[in-house]
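Listing of coords05.cif, mmCIF, C-alpha atoms
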data_structure
loop_
_atom_site.group_PDB
_atom_site.id
_atom_site.type_symbol
_atom_site.label_atom_id
_atom_site.label_comp_id
_atom_site.auth_asym_id
_atom_site.auth_seq_id
_atom_site.Cartn_x
_atom_site.Cartn_y
_atom_site.Cartn_z
ATOM 1 C CA MET A 208 0.000 0.000 0.000
ATOM 2 C CA ARG A 209 1.379 3.388 -0.887
ATOM 3 C CA ASP A 210 2.068 6.039 1.703
ATOM 4 C CA ASP A 211 0.368 8.871 -0.143
ATOM 5 C CA PRO A 212 -1.845 10.764 2.282
ATOM 6 C CA THR A 213 -2.178 13.779 -0.007
ATOM 7 C CA GLN A 214 -3.810 11.993 -2.935
ATOM 8 C CA SER A 215 -7.328 12.551 -1.642
ATOM 9 C CA ASP A 216 -6.620 16.241 -0.934
ATOM 10 C CA GLN A 217 -5.129 16.739 -4.404
ATOM 11 C CA THR A 218 -8.142 15.114 -5.982
ATOM 12 C CA ASP A 219 -10.542 17.233 -3.955
ATOM 13 C CA GLY A 220 -8.832 20.368 -5.276
ATOM 14 C CA GLU A 221 -9.059 19.182 -8.866
ATOM 15 C CA VAL A 222 -12.706 18.219 -8.488
ATOM 16 C CA ALA A 223 -13.466 21.662 -7.026
ATOM 17 C CA ARG A 224 -11.868 23.344 -10.051
ATOM 18 C CA TYR A 225 -13.138 20.845 -12.623
ATOM 19 C CA PRO A 226 -16.345 19.294 -11.237
ATOM 20 C CA GLN A 227 -17.011 17.056 -14.225
ATOM 21 C CA THR A 228 -13.540 15.996 -15.269
ATOM 22 C CA GLY A 229 -11.359 16.575 -12.197
ATOM 23 C CA ARG A 230 -10.685 12.862 -11.683
ATOM 24 C CA PHE A 231 -9.766 12.139 -15.318
ATOM 25 C CA LEU A 232 -6.277 10.546 -15.345
ATOM 26 C CA MET A 233 -5.830 11.555 -11.720
ATOM 27 C CA GLY A 234 -2.818 9.690 -10.398
ATOM 28 C CA ARG A 235 -1.613 8.723 -13.861
ATOM 29 C CA GLY A 236 -0.552 11.695 -15.897
ATOM 30 C CA ARG A 237 -3.096 14.362 -15.068
ATOM 31 C CA THR A 238 -0.430 16.596 -13.574
ATOM 32 C CA ARG A 239 1.184 16.714 -17.016
ATOM 33 C CA MET A 240 -1.970 18.255 -18.472
ATOM 34 C CA THR A 241 -1.773 22.048 -18.638
ATOM 35 C CA PRO A 242 -4.457 24.160 -16.947
ATOM 36 C CA GLU A 243 -5.653 25.113 -20.425
ATOM 37 C CA GLU A 244 -6.039 21.459 -21.424
ATOM 38 C CA ARG A 245 -7.910 20.696 -18.214
ATOM 39 C CA ARG A 246 -10.201 23.657 -18.854
ATOM 40 C CA VAL A 247 -10.804 22.687 -22.481
ATOM 41 C CA LEU A 248 -11.785 19.178 -21.441
ATOM 42 C CA GLU A 249 -14.056 20.463 -18.681
ATOM 43 C CA ASP A 250 -15.776 22.925 -20.990
ATOM 44 C CA THR A 251 -16.247 20.327 -23.731
ATOM 45 C CA ALA A 252 -18.697 18.351 -21.598
ATOM 46 C CA MET A 253 -22.120 19.217 -22.968
ATOM 47 C CA ALA A 254 -24.333 17.892 -20.178
ATOM 48 C CA VAL A 255 -24.376 16.123 -16.854
ATOM 49 C CA LYS A 256 -26.912 13.377 -16.245
ATOM 50 C CA ASP A 257 -27.913 11.261 -13.278
ATOM 51 C CA TYR A 258 -29.028 7.668 -13.674
ATOM 52 C CA PRO A 259 -30.394 5.193 -11.145
ATOM 53 C CA ALA A 260 -28.830 1.899 -10.167
ATOM 54 C CA ARG A 261 -29.115 -1.006 -12.608
ATOM 55 C CA HIS A 262 -29.935 1.249 -15.539
ATOM 56 C CA HIS A 263 -29.067 0.477 -19.147
ATOM 57 C CA LEU A 264 -26.918 3.278 -20.581
ATOM 58 C CA VAL A 265 -25.834 2.014 -23.995
ATOM 59 C CA ARG A 266 -26.904 -1.055 -25.908
ATOM 60 C CA ARG A 267 -24.550 -3.072 -28.043
ATOM 61 C CA GLY A 268 -24.600 -2.134 -31.710
ATOM 62 C CA GLU A 269 -26.604 1.066 -31.380
ATOM 63 C CA PRO A 270 -25.075 4.152 -33.018
ATOM 64 C CA VAL A 271 -23.529 6.508 -30.463
ATOM 65 C CA ASP A 272 -22.850 10.212 -30.948
ATOM 66 C CA SER A 273 -21.539 11.020 -27.486
ATOM 67 C CA SER A 274 -19.248 9.469 -24.876
ATOM 68 C CA MET A 275 -19.556 9.397 -21.087
ATOM 69 C CA MET A 276 -17.111 10.347 -18.392
ATOM 70 C CA LEU A 277 -18.070 8.918 -15.033
ATOM 71 C CA ILE A 278 -18.299 11.585 -12.322
ATOM 72 C CA GLU A 279 -19.815 9.559 -9.493
ATOM 73 C CA GLY A 280 -20.690 5.913 -8.995
ATOM 74 C CA TYR A 281 -19.845 2.710 -10.801
ATOM 75 C CA VAL A 282 -20.593 1.563 -14.335
ATOM 76 C CA THR A 283 -19.959 -1.768 -15.996
ATOM 77 C CA ARG A 284 -19.422 -2.893 -19.545
ATOM 78 C CA TYR A 285 -20.829 -6.354 -20.102
ATOM 79 C CA MET A 286 -21.788 -9.006 -22.625
ATOM 80 C CA ASP A 287 -24.552 -11.603 -22.349
ATOM 81 C CA ASP A 288 -24.321 -15.089 -23.802
ATOM 82 C CA ARG A 289 -27.234 -16.608 -25.728
ATOM 83 C CA GLU A 290 -28.657 -18.120 -22.551
ATOM 84 C CA GLY A 291 -28.634 -14.735 -20.853
ATOM 85 C CA TYR A 292 -25.683 -15.345 -18.577
ATOM 86 C CA ARG A 293 -23.666 -12.183 -18.177
ATOM 87 C CA GLN A 294 -19.940 -11.535 -18.252
ATOM 88 C CA LEU A 295 -18.760 -8.193 -16.922
ATOM 89 C CA VAL A 296 -15.806 -7.147 -19.082
ATOM 90 C CA SER A 297 -14.918 -4.032 -17.117
ATOM 91 C CA VAL A 298 -15.916 -2.031 -14.074
ATOM 92 C CA HIS A 299 -15.531 1.731 -14.277
ATOM 93 C CA VAL A 300 -14.836 4.162 -11.474
ATOM 94 C CA PRO A 301 -15.139 7.966 -11.328
ATOM 95 C CA GLY A 302 -12.758 9.700 -13.718
ATOM 96 C CA ASP A 303 -13.021 6.946 -16.335
ATOM 97 C CA PHE A 304 -13.989 7.933 -19.871
ATOM 98 C CA VAL A 305 -16.246 4.890 -20.082
ATOM 99 C CA ASP A 306 -16.910 4.673 -23.808
ATOM 100 C CA LEU A 307 -14.439 7.033 -25.399
ATOM 101 C CA HIS A 308 -13.731 4.233 -27.869
ATOM 102 C CA GLY A 309 -17.240 4.845 -29.238
ATOM 103 C CA PHE A 310 -15.973 8.148 -30.625
ATOM 104 C CA PRO A 311 -13.955 6.612 -33.480
ATOM 105 C CA THR A 312 -15.988 3.388 -33.755
ATOM 106 C CA GLY A 313 -19.462 4.960 -33.781
ATOM 107 C CA ARG A 314 -21.018 2.023 -31.939
ATOM 108 C CA LEU A 315 -20.122 -0.289 -29.107
ATOM 109 C CA ASP A 316 -19.562 -4.037 -29.194
ATOM 110 C CA HIS A 317 -20.902 -4.459 -25.645
ATOM 111 C CA ASP A 318 -23.567 -3.057 -23.354
ATOM 112 C CA ILE A 319 -23.034 -0.467 -20.639
ATOM 113 C CA GLY A 320 -25.058 -0.275 -17.458
ATOM 114 C CA THR A 321 -24.946 1.324 -14.048
ATOM 115 C CA LEU A 322 -24.185 -0.674 -10.918
ATOM 116 C CA GLY A 323 -25.269 1.901 -8.351
ATOM 117 C CA PRO A 324 -26.640 5.411 -8.931
ATOM 118 C CA VAL A 325 -24.287 7.396 -11.161
ATOM 119 C CA LYS A 326 -23.580 10.870 -12.456
ATOM 120 C CA VAL A 327 -21.980 11.126 -15.888
ATOM 121 C CA ALA A 328 -20.731 13.947 -18.098
ATOM 122 C CA LEU A 329 -21.610 13.608 -21.766
ATOM 123 C CA PHE A 330 -19.189 14.597 -24.515
ATOM 124 C CA ASP A 331 -20.629 15.127 -27.967
ATOM 125 C CA HIS A 332 -18.464 13.432 -30.568
ATOM 126 C CA GLN A 333 -18.410 16.541 -32.737
ATOM 127 C CA ALA A 334 -16.938 18.442 -29.798
ATOM 128 C CA LEU A 335 -14.302 15.732 -29.442
ATOM 129 C CA VAL A 336 -13.473 16.258 -33.112
ATOM 130 C CA GLY A 337 -12.717 19.864 -32.148
ATOM 131 C CA ILE A 338 -10.297 18.695 -29.462
ATOM 132 C CA THR A 339 -8.485 16.380 -31.863
ATOM 133 C CA GLU A 340 -8.138 19.193 -34.402
ATOM 134 C CA ARG A 341 -7.017 21.967 -32.049
ATOM 135 C CA HIS A 342 -5.391 20.287 -29.035
ATOM 136 C CA PRO A 343 -2.945 17.559 -30.058
ATOM 137 C CA THR A 344 -1.450 17.061 -26.604
ATOM 138 C CA LEU A 345 -4.875 16.728 -25.001
ATOM 139 C CA THR A 346 -5.746 14.289 -27.771
ATOM 140 C CA ARG A 347 -2.773 12.164 -26.755
ATOM 141 C CA PHE A 348 -4.076 12.137 -23.171
ATOM 142 C CA LEU A 349 -7.418 10.855 -24.452
ATOM 143 C CA TRP A 350 -5.577 8.227 -26.478
ATOM 144 C CA PHE A 351 -3.569 7.303 -23.377
ATOM 145 C CA ALA A 352 -6.824 6.778 -21.461
ATOM 146 C CA THR A 353 -8.092 4.295 -24.046
ATOM 147 C CA LEU A 354 -4.734 2.497 -23.984
ATOM 148 C CA ILE A 355 -5.075 2.063 -20.222
ATOM 149 C CA ASP A 356 -8.497 0.559 -20.913
ATOM 150 C CA ALA A 357 -6.886 -1.888 -23.312
ATOM 151 C CA ALA A 358 -4.223 -2.754 -20.737
ATOM 152 C CA MET A 359 -6.911 -3.485 -18.175
ATOM 153 C CA HIS A 360 -8.701 -5.764 -20.638
ATOM 154 C CA ARG A 361 -5.469 -7.720 -21.127
ATOM 155 C CA GLU A 362 -5.146 -8.040 -17.372
ATOM 156 C CA TRP A 363 -8.740 -9.241 -17.076
ATOM 157 C CA ILE A 364 -8.000 -11.931 -19.683
ATOM 158 C CA PHE A 365 -5.008 -13.009 -17.586
ATOM 159 C CA ARG A 366 -7.162 -13.040 -14.464
ATOM 160 C CA LEU A 367 -9.824 -15.246 -16.002
ATOM 161 C CA GLY A 368 -7.443 -17.494 -17.891
ATOM 162 C CA ARG A 369 -4.749 -18.150 -15.331
ATOM 163 C CA LEU A 370 -6.068 -17.546 -11.825
ATOM 164 C CA GLY A 371 -8.266 -19.690 -9.612
ATOM 165 C CA ALA A 372 -11.260 -18.414 -7.703
ATOM 166 C CA GLU A 373 -9.275 -16.826 -4.859
ATOM 167 C CA GLY A 374 -6.850 -15.203 -7.270
ATOM 168 C CA ARG A 375 -9.595 -13.830 -9.494
ATOM 169 C CA LEU A 376 -11.458 -12.163 -6.663
ATOM 170 C CA ALA A 377 -8.266 -10.960 -5.009
ATOM 171 C CA HIS A 378 -7.107 -9.484 -8.296
ATOM 172 C CA LEU A 379 -10.353 -7.619 -8.850
ATOM 173 C CA PHE A 380 -10.193 -6.114 -5.375
ATOM 174 C CA CYS A 381 -6.510 -5.176 -5.801
ATOM 175 C CA GLU A 382 -7.235 -3.455 -9.106
ATOM 176 C CA LEU A 383 -10.262 -1.559 -7.856
ATOM 177 C CA TYR A 384 -8.394 -0.407 -4.775
ATOM 178 C CA ALA A 385 -5.469 0.828 -6.861
ATOM 179 C CA ARG A 386 -7.738 2.687 -9.279
ATOM 180 C CA LEU A 387 -9.919 4.197 -6.570
ATOM 181 C CA GLU A 388 -6.909 5.275 -4.547
ATOM 182 C CA MET A 389 -5.535 7.091 -7.588
ATOM 183 C CA VAL A 390 -8.727 9.138 -7.914
ATOM 184 C CA GLY A 391 -8.958 9.833 -4.191
ATOM 185 C CA LEU A 392 -11.834 7.486 -3.401
ATOM 186 C CA ALA A 393 -10.022 4.853 -1.358
ATOM 187 C CA GLN A 394 -7.496 4.980 1.395
ATOM 188 C CA ASP A 395 -6.164 2.910 4.267
ATOM 189 C CA GLY A 396 -7.217 -0.231 2.432
ATOM 190 C CA GLN A 397 -10.911 0.659 2.447
ATOM 191 C CA PHE A 398 -13.424 1.665 -0.193
ATOM 192 C CA ASP A 399 -17.110 1.502 -1.019
ATOM 193 C CA LEU A 400 -18.117 -0.970 -3.703
ATOM 194 C CA PRO A 401 -21.830 -1.277 -4.564
ATOM 195 C CA LEU A 402 -21.410 -4.680 -6.172
ATOM 196 C CA THR A 403 -23.353 -7.755 -5.168
ATOM 197 C CA GLN A 404 -21.934 -11.237 -4.969
ATOM 198 C CA PRO A 405 -23.635 -12.070 -8.305
ATOM 199 C CA ASP A 406 -21.861 -9.017 -9.799
ATOM 200 C CA LEU A 407 -18.537 -10.312 -8.514
ATOM 201 C CA ALA A 408 -19.392 -13.709 -9.971
ATOM 202 C CA GLU A 409 -20.105 -12.164 -13.365
ATOM 203 C CA ALA A 410 -16.835 -10.238 -13.267
ATOM 204 C CA CYS A 411 -14.783 -13.263 -12.292
ATOM 205 C CA GLY A 412 -16.387 -16.091 -14.263
ATOM 206 C CA LEU A 413 -17.651 -17.806 -11.132
ATOM 207 C CA THR A 414 -20.991 -18.743 -9.655
ATOM 208 C CA GLY A 415 -22.532 -16.868 -6.746
ATOM 209 C CA VAL A 416 -21.995 -19.959 -4.604
ATOM 210 C CA HIS A 417 -18.314 -19.995 -5.505
ATOM 211 C CA VAL A 418 -17.950 -16.278 -4.764
ATOM 212 C CA ASN A 419 -19.599 -16.688 -1.386
ATOM 213 C CA ARG A 420 -17.257 -19.495 -0.431
ATOM 214 C CA THR A 421 -14.193 -17.706 -1.792
ATOM 215 C CA LEU A 422 -14.963 -14.454 0.046
ATOM 216 C CA ARG A 423 -15.205 -16.495 3.211
ATOM 217 C CA THR A 424 -11.826 -18.059 2.470
ATOM 218 C CA LEU A 425 -10.221 -14.651 1.851
ATOM 219 C CA ARG A 426 -11.678 -13.425 5.128
ATOM 220 C CA GLU A 427 -10.501 -16.502 7.036
ATOM 221 C CA ARG A 428 -7.014 -16.037 5.591
ATOM 222 C CA GLY A 429 -7.018 -12.511 7.009
ATOM 223 C CA LEU A 430 -6.732 -10.858 3.596
ATOM 224 C CA LEU A 431 -9.966 -8.948 3.099
ATOM 225 C CA THR A 432 -13.539 -8.412 4.199
ATOM 226 C CA PHE A 433 -16.441 -7.392 1.945
ATOM 227 C CA LYS A 434 -19.587 -6.531 3.817
ATOM 228 C CA ASN A 435 -22.528 -4.254 3.074
ATOM 229 C CA GLY A 436 -20.835 -2.718 0.050
ATOM 230 C CA ARG A 437 -17.645 -1.884 1.937
ATOM 231 C CA VAL A 438 -14.272 -3.463 1.215
ATOM 232 C CA GLU A 439 -11.552 -3.584 3.839
ATOM 233 C CA ILE A 440 -8.199 -4.940 2.785
ATOM 234 C CA LEU A 441 -6.538 -6.394 5.849
ATOM 235 C CA ASP A 442 -3.312 -7.678 4.307
ATOM 236 C CA HIS A 443 -2.483 -5.842 1.113
ATOM 237 C CA ARG A 444 0.728 -7.690 0.368
ATOM 238 C CA GLY A 445 -0.930 -11.028 0.961
ATOM 239 C CA LEU A 446 -3.855 -10.081 -1.252
ATOM 240 C CA CYS A 447 -1.507 -8.969 -4.035
ATOM 241 C CA THR A 448 0.430 -12.223 -3.769
ATOM 242 C CA THR A 449 -2.763 -14.283 -3.990
ATOM 243 C CA ALA A 450 -3.809 -12.197 -7.005
ATOM 244 C CA GLU A 451 -0.383 -12.260 -8.707
ATOM 245 C CA PHE A 452 -1.098 -8.546 -8.903
ATOM 246 C CA ASN A 453 1.407 -6.194 -10.443
ATOM 247 C CA SER A 454 -0.024 -2.732 -10.973
ATOM 248 C CA ASP A 455 2.291 -1.651 -13.779
ATOM 249 C CA TYR A 456 -0.526 -2.011 -16.320
ATOM 250 C CA LEU A 457 -2.372 0.833 -14.576
ATOM 251 C CA TYR A 458 0.432 3.310 -15.345
ATOM 252 C CA SER A 459 0.237 5.024 -11.987
ATOM 253 C CA ASP A 460 2.310 8.144 -11.307
ATOM 254 C CA CYS A 461 3.281 6.652 -7.970
ATOM 255 C CA GLY A 462 5.020 3.573 -9.245
ATOM 256 C CA VAL A 463 4.223 -0.068 -9.251
ATOM 257 C CA TRP A 464 2.975 -2.443 -6.587
ATOM 258 C CA LYS A 465 4.802 -5.700 -7.019
ATOM 259 C CA THR A 466 4.750 -8.894 -5.082
ATOM 260 C CA SER A 467 7.376 -11.542 -4.838
ATOM 261 C CA MET B 103 -0.251 -26.521 -19.827
ATOM 262 C CA VAL B 104 -0.848 -30.120 -18.802
ATOM 263 C CA GLN B 105 -1.769 -30.266 -15.139
ATOM 264 C CA THR B 106 0.003 -32.766 -12.909
ATOM 265 C CA VAL B 107 -1.759 -31.922 -9.671
ATOM 266 C CA ALA B 108 -5.378 -32.854 -8.947
ATOM 267 C CA GLY B 109 -7.969 -30.180 -8.267
ATOM 268 C CA GLU B 110 -9.486 -29.465 -4.870
ATOM 269 C CA VAL B 111 -13.100 -30.499 -4.396
ATOM 270 C CA SER B 112 -15.464 -29.055 -1.818
ATOM 271 C CA ILE B 113 -19.176 -28.786 -1.094
ATOM 272 C CA GLU B 114 -21.082 -25.535 -0.698
ATOM 273 C CA VAL B 115 -24.855 -25.248 -0.241
ATOM 274 C CA GLY B 116 -25.544 -28.477 -2.051
ATOM 275 C CA GLN B 117 -23.216 -27.824 -4.977
ATOM 276 C CA VAL B 118 -19.837 -29.316 -5.795
ATOM 277 C CA LEU B 119 -16.980 -26.851 -6.233
ATOM 278 C CA LEU B 120 -13.861 -27.766 -8.172
ATOM 279 C CA ASP B 121 -10.877 -25.479 -7.649
ATOM 280 C CA GLY B 122 -7.931 -26.229 -9.849
ATOM 281 C CA PRO B 123 -5.869 -27.586 -11.273
ATOM 282 C CA GLY B 124 -4.586 -24.358 -12.765
ATOM 283 C CA GLY B 125 -7.178 -21.633 -13.149
ATOM 284 C CA ILE B 126 -10.184 -23.942 -13.091
ATOM 285 C CA ALA B 127 -13.000 -22.781 -10.823
ATOM 286 C CA VAL B 128 -16.251 -24.614 -11.501
ATOM 287 C CA THR B 129 -19.516 -25.120 -9.653
ATOM 288 C CA MET B 130 -21.486 -28.259 -10.525
ATOM 289 C CA THR B 131 -24.642 -29.949 -9.423
ATOM 290 C CA PRO B 132 -24.004 -33.256 -7.658
ATOM 291 C CA ALA B 133 -25.268 -35.115 -10.732
ATOM 292 C CA ALA B 134 -22.974 -33.206 -13.085
ATOM 293 C CA ALA B 135 -20.052 -33.687 -10.740
ATOM 294 C CA ALA B 136 -20.711 -37.425 -10.497
ATOM 295 C CA GLU B 137 -20.955 -37.841 -14.262
ATOM 296 C CA THR B 138 -17.840 -35.731 -14.828
ATOM 297 C CA GLY B 139 -16.020 -37.869 -12.295
ATOM 298 C CA ARG B 140 -17.075 -41.062 -14.100
ATOM 299 C CA ARG B 141 -15.915 -39.696 -17.460
ATOM 300 C CA LEU B 142 -12.585 -38.602 -16.036
ATOM 301 C CA LEU B 143 -12.033 -42.034 -14.499
ATOM 302 C CA ALA B 144 -13.015 -43.770 -17.718
ATOM 303 C CA ALA B 145 -10.585 -41.643 -19.755
ATOM 304 C CA ALA B 146 -7.754 -42.224 -17.301
ATOM 305 C CA ASP B 147 -8.492 -45.985 -17.317
ATOM 306 C CA ARG B 148 -8.376 -46.104 -21.115
ATOM 307 C CA ILE B 149 -4.953 -44.456 -21.100
ATOM 308 C CA ALA B 150 -3.752 -46.890 -18.438
ATOM 309 C CA THR B 151 -4.999 -49.840 -20.511
ATOM 310 C CA GLN B 152 -3.309 -48.525 -23.667
ATOM 311 C CA SER B 153 -0.065 -47.979 -21.785
ATOM 312 C CA ALA B 154 -0.167 -51.521 -20.376
ATOM 313 C CA GLY B 155 -0.805 -53.013 -23.823
#
As structure tokens, what does this structure read like?
Amino acid sequence: MRDDPTQSDQTDGEVARYPQTGRFLMGRGRTRMTPEERRVLEDTAMAVKDYPARHHLVRRGEPVDSSMMLIEGYVTRYMDDREGYRQLVSVHVPGDFVDLHGFPTGRLDHDIGTLGPVKVALFDHQALVGITERHPTLTRFLWFATLIDAAMHREWIFRLGRLGAEGRLAHLFCELYARLEMVGLAQDGQFDLPLTQPDLAEACGLTGVHVNRTLRTLRERGLLTFKNGRVEILDHRGLCTTAEFNSDYLYSDCGVWKTS
Amino acid sequence: MVQTVAGEVSIEVGQVLLDGPGGIAVTMTPAAAAETGRRLLAAADRIATQSAG
């Protein structure tokens, strides 16, 4: 766990100045954005919308003409198989540009839905065209954000392909903690997570029964508790070891968490 | 990767859980677990018979 007590304060200041985009790339390159670039991004948001929990935001294949940056809450990208069983392919936290990839592609190859109540900023794709034409450095930051998305997808493939049940859950918790800490929403090993055990199952390719048993095992090993939507990591190093977690794919400003 | 270590089997609320080998993490009904077990044994026995012959 990093000793970085000022991260939350720094994020609070950015969010006060840039209420819609203040967490974008926080902890991984935001400080390299100029004040002008931060202002341009903030002013490009065309609207802010609130959505309830378990709400469909974008359906697979539909044309999209705007992209969402998550301001508050949690959003998931997911795919359903033909029997209706769901696989979560990503979980997004505040500051994430959830479907920026829809800007060049014009449609999404997955669905997007809320987990809890959320607030999102909408960016019209024509306005993003303006950024790409007039602000090349800011454009590279947007590109960087989508590359981090791609890196996380690779890591999720590793998680599902190589890790057992304990490792998969441990890895998900390690990743979410790292990402939330970067945007000032987790500290001292604790964070809120409005996911149910079925959600965790769908993210980790497990059944709800398996998740329930595995959470109990992680708790009995003294690694982590997850209760009433609150995660408490009790042994960060142990959890990272179980998860084979190496945070380099998150491109944090504060370095890499590695385990032996 | 060919696994050389057997998986761990446990029971949870009437279901059979198989953890490992490798990244396997499966929940099965007792009937599915029993049939899978029979098929695994049959396959292993066939290989043993071929090796002996």
With the cut-off set at 10 Å and counting all atoms listed in the file, tabulate each residue of chain A with an atom at most that distance from an atom of chain B, showing the nearest atom pair and its distance in Å to one decimal, ordered by chain and increasing number, as JSON lines.
{"residue": "A:Phe365", "atom": "CA", "partner": "B:Gly125", "partner_atom": "CA", "distance": 9.9}
{"residue": "A:Arg366", "atom": "CA", "partner": "B:Gly125", "partner_atom": "CA", "distance": 8.7}
{"residue": "A:Leu367", "atom": "CA", "partner": "B:Gly125", "partner_atom": "CA", "distance": 7.5}
{"residue": "A:Gly368", "atom": "CA", "partner": "B:Gly125", "partner_atom": "CA", "distance": 6.3}
{"residue": "A:Arg369", "atom": "CA", "partner": "B:Gly125", "partner_atom": "CA", "distance": 4.8}
{"residue": "A:Leu370", "atom": "CA", "partner": "B:Gly125", "partner_atom": "CA", "distance": 4.4}
{"residue": "A:Gly371", "atom": "CA", "partner": "B:Gly125", "partner_atom": "CA", "distance": 4.2}
{"residue": "A:Ala372", "atom": "CA", "partner": "B:Ala127", "partner_atom": "CA", "distance": 5.6}
{"residue": "A:Glu373", "atom": "CA", "partner": "B:Ala127", "partner_atom": "CA", "distance": 9.2}
{"residue": "A:Gly374", "atom": "CA", "partner": "B:Gly125", "partner_atom": "CA", "distance": 8.7}
{"residue": "A:Arg375", "atom": "CA", "partner": "B:Gly125", "partner_atom": "CA", "distance": 8.9}
{"residue": "A:Cys411", "atom": "CA", "partner": "B:Ala127", "partner_atom": "CA", "distance": 9.8}
{"residue": "A:Gly412", "atom": "CA", "partner": "B:Ala127", "partner_atom": "CA", "distance": 8.2}
{"residue": "A:Leu413", "atom": "CA", "partner": "B:Ala127", "partner_atom": "CA", "distance": 6.8}
{"residue": "A:Thr414", "atom": "CA", "partner": "B:Thr129", "partner_atom": "CA", "distance": 6.5}
{"residue": "A:Gly415", "atom": "CA", "partner": "B:Thr129", "partner_atom": "CA", "distance": 9.3}
{"residue": "A:Val416", "atom": "CA", "partner": "B:Glu114", "partner_atom": "CA", "distance": 6.9}
{"residue": "A:His417", "atom": "CA", "partner": "B:Thr129", "partner_atom": "CA", "distance": 6.7}
{"residue": "A:Asn419", "atom": "CA", "partner": "B:Glu114", "partner_atom": "CA", "distance": 9.0}
{"residue": "A:Arg420", "atom": "CA", "partner": "B:Glu114", "partner_atom": "CA", "distance": 7.2}
- Task: Determine, counting all atoms listed in the file, which protein, DNA and RNA residues have an atom within 12 Å of an atom of range 350-354 of chain A; residues of the same chain fewer than 6 positions away are not included. Present the result as a ChimeraX atom specification.
- Result: /A:231-233,235-237,276,302-311,335,338-339,343-344,360-361,456-459
- Message: Here's the selection I'm unsure about, the PyMOL selection byres ((chain A and resi 407) around 12); applied to the file above, which residues does it give, as a ChimeraX atom specification?
- Response: /A:283,293-298,322,372-373,375-380,400-406,408-419,421-422,433,436
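Coordinates place CA of Lys434 in chain A at a distance of 26.6 Å from CA of Val327 in chain A.
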- Task: Would you mind listing what lies within 7 Å of Leu446 in chain A as a ChimeraX atom specification, with only C-alpha atoms counted and same-chain residues fewer than 3 positions away left out?
- Result: /A:377,430,442-443,449-450
- Task: Would you mind listing what lies within 12 Å of range 220-225 of chain A as a ChimeraX atom specification, with only C-alpha atoms counted and same-chain residues fewer than 5 positions away left out?
- Result: /A:213-215,230-234,237-238,240,242-252,278-279,301-302,328,390-392
Please put the answer as JSON: centre and edge lengths, in Å with one decimal, of a box along x, y and z that encloses all listed atoms of range 234-241 of chain A plus 6 Å on each side.
{"center_x": -1.0, "center_y": 15.4, "center_z": -14.5, "size_x": 16.3, "size_y": 25.3, "size_z": 20.2}
- Query: To one decimal place, how far is CA of Asp216 in chain A from CA of Ala393 in chain A in Å?
  - Reply: 11.9 Å
- Using all atoms listed in the file, collect all residues at a distance of at most 10 Å from (-16.7, -35.1, -13.1) as written in the file, then present them as a ChimeraX atom specification. /B:118,120,130,132-143
Please, could you write that set of residues out with C-alpha atoms as an mmCIF file, in the coordinates of the input?
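Below is the file that was written, again_15.cif:
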data_model
loop_
_atom_site.group_PDB
_atom_site.id
_atom_site.type_symbol
_atom_site.label_atom_id
_atom_site.label_comp_id
_atom_site.auth_asym_id
_atom_site.auth_seq_id
_atom_site.Cartn_x
_atom_site.Cartn_y
_atom_site.Cartn_z
ATOM 1 C CA VAL B 118 -19.837 -29.316 -5.795
ATOM 2 C CA LEU B 120 -13.861 -27.766 -8.172
ATOM 3 C CA MET B 130 -21.486 -28.259 -10.525
ATOM 4 C CA PRO B 132 -24.004 -33.256 -7.658
ATOM 5 C CA ALA B 133 -25.268 -35.115 -10.732
ATOM 6 C CA ALA B 134 -22.974 -33.206 -13.085
ATOM 7 C CA ALA B 135 -20.052 -33.687 -10.740
ATOM 8 C CA ALA B 136 -20.711 -37.425 -10.497
ATOM 9 C CA GLU B 137 -20.955 -37.841 -14.262
ATOM 10 C CA THR B 138 -17.840 -35.731 -14.828
ATOM 11 C CA GLY B 139 -16.020 -37.869 -12.295
ATOM 12 C CA ARG B 140 -17.075 -41.062 -14.100
ATOM 13 C CA ARG B 141 -15.915 -39.696 -17.460
ATOM 14 C CA LEU B 142 -12.585 -38.602 -16.036
ATOM 15 C CA LEU B 143 -12.033 -42.034 -14.499
#
- Task: Enumerate, as a ChimeraX atom specification, the residues matched when the PyMOL selection byres ((chain A and resi 263-268) around 6) is run on the file above.
- Result: /A:262,269,314-320
Starting from the shown file, work through the PyMOL selection byres ((chain A and resi 395) around 9) and note down what comes out as a PDB file with C-alpha atoms, keeping the file's coordinate frame.
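What landed in out.pdb:
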ATOM      1  CA  MET A 208       0.000   0.000   0.000  1.00  0.00           C
ATOM      2  CA  ALA A 393     -10.022   4.853  -1.358  1.00  0.00           C
ATOM      3  CA  GLN A 394      -7.496   4.980   1.395  1.00  0.00           C
ATOM      4  CA  GLY A 396      -7.217  -0.231   2.432  1.00  0.00           C
ATOM      5  CA  GLN A 397     -10.911   0.659   2.447  1.00  0.00           C
ATOM      6  CA  PHE A 398     -13.424   1.665  -0.193  1.00  0.00           C
ATOM      7  CA  GLU A 439     -11.552  -3.584   3.839  1.00  0.00           C
ATOM      8  CA  ILE A 440      -8.199  -4.940   2.785  1.00  0.00           C
TER       9      ILE A 440
END
- Expressed in Å, the length from CA of Leu349 in chain A to CA of Asp460 in chain A is 16.6 Å
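Residues in contact range of Gly323 in chain A, defined as at most 8 Å between only C-alpha atoms, with sequence neighbours fewer than 3 positions away removed, read Pro259, Ala260, Arg261, Gly280, Tyr281, Val282, Pro401 and Leu402 of chain A.
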